[in-house]
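To start, the structure under review is shown below, and the notes come after it.
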Amino acid sequence: MSVPAAYLAVVLIWSTTPLGIVWSSESVDPTLAVLGRMTIAVVLGWLILKIGKIELPLNRQAFKVYAYSTIGIFGGMLFTYIAARYIASGLISLIFGLAPIMSGVLAQKILGEPKFSKTKKLALFLAVSGLTIVCYDKIFMQGTSLSTSSYFGLAAVFAGMFFFSISGVLVKSVGYKINALASTVGSLTFSIPLFFAVWLISDGTLPVEEWTTRSLLAILYLGIFGSLIGFIAYYYILQRLNASTVALITMITPVVAICIGALLNNESVSKHLMIGAAFVMVGLALYQWGGRKRTRVTVST
């Protein structure tokens with residue numbers, strides 16, 4: 001696979017994943033939809049491990065990595081699937097785009113990393129301001145009948161983003177290197193019993209007659225591409241490109257996701273959403289590249 005093709009694959013997969021989540025939960029209970037997605041991914045992952053003869057570490061350090069990763073997979077995905085029934089896919093992608101900033105805040109507390117510079121504090125302020133504008137639009141500008149559900153959806157996706165972010169920081173704290181595919185399969189294996197328990201407690205039914213083709217295809221797509229191929233492609237480019245180039249993905253995907261949601265799912269794109277998204281994108285750009293020192297170039301004559 002070429003690097004440009006892998007990069008494009010990650011952008012497209014991450015941009016379409018929020019809409020896939022929304023479609024998969026249309027006729028299938030969210031807890032069952034995410035359980036089905038993860039089951040597909042882990043079965044295919046195990047097959048690839050066997051075919052490729054890739055070892056799955058089973059030592060104490062590896063188990064700690066799997067457990068910490070499960071926090072992001074289970075907490076992040078469960079709350080995101082719940083949120084998908086109340087808010088648009090583009091907004092889900094926009095909020096998840098803030099994961100690098102949230103991770104930076106948590107890394108200060110957990111890993112003892114340096115506090116934010118003035119530039120990063122400004123970036124955080126801009127990003128929060130953008131989200132405030134978006135939340136104001138979603139909760140107060142779309143009618144009182146949508147206020148409660150919009151508020152609940154926003155709270156759920158924020159919780160999902162938090163679990164996703166803290167999971168990454170905790171995994172980093174272990175300092176144990178594992179093959180990307182092996183880490184994914186191990187973490188998914190840990191998370192599936194949790195998803196199964198939540199589905200069993202909250203719903204536990206299989207109303208097959210209510211399931212639509214679109215929901216089933218979305219689950220299949222997310223299992224193969226969203227949970228497996230996308231992850232493999234991401235680590236592929238991460239090993240071959242510099243971090244700043246890879247970081248562009250977190251800025252591109254929310255914009256693409258908003259456009260895809262509007263085109264394919266008739267999601268409304270209001271003036272407040274565009275203004276808020278612009279604030280968030282500027283904040284992310286400033287966070288990623290604003291703190292770099294400029295190099296002075298002197299020209300001898």
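Labeling convention for the structure tokens: chains A, B, ... as they appear, residues from 1 per chain, ligands from 1 in order of appearance.
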
Which parts of range 64-294 of chain A does DSSP call alpha helix (DSSP H) when run on the backbone here, written out as a count of residues only? 167

Got a sec: who's within 10 Å of range 59-72 of chain A, counting only C-alpha atoms, leaving out chain neighbours fewer than 4 positions off, as a PyMOL selection string? chain A and resi 76-78+160-178+182-192+194

Excluding Ile21 in chain A and residues on its chain fewer than 2 positions from it, collect all residues at most 10 Å away from it, counting only C-alpha atoms, and give them as a ChimeraX atom specification. /A:16-19,23-26,30,33-34,37,77,80-85,89,92,215,218-219,221-222,226

Among A:Ala159, A:Leu12, A:Ala278, A:Val255, Gly130 in chain A is approached most closely, using only C-alpha atoms, by A:Ala278

d(CA of Phe125 in chain A, CA of Phe279 in chain A) in Å: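 It comes out at 9.4 Å.
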
Expressed in Å to a single decimal, how great is the separation between CA of Ile51 in chain A and CA of Met38 in chain A? 19.9 Å

Work out how far CA of Leu181 in chain A is from CA of Ile48 in chain A, in Å to one decimal. 8.6 Å

Among listed residues A:Ser268, A:Gly276, A:Ala180, A:Ala9, nearest Leu56 in chain A (using only C-alpha atoms): A:Ala180

Calculated over only C-alpha atoms, which of the candidates A:Asn266, A:Thr250, A:Ser93, A:Ser129 has the smallest distance to Gln288 in chain A? A:Thr250
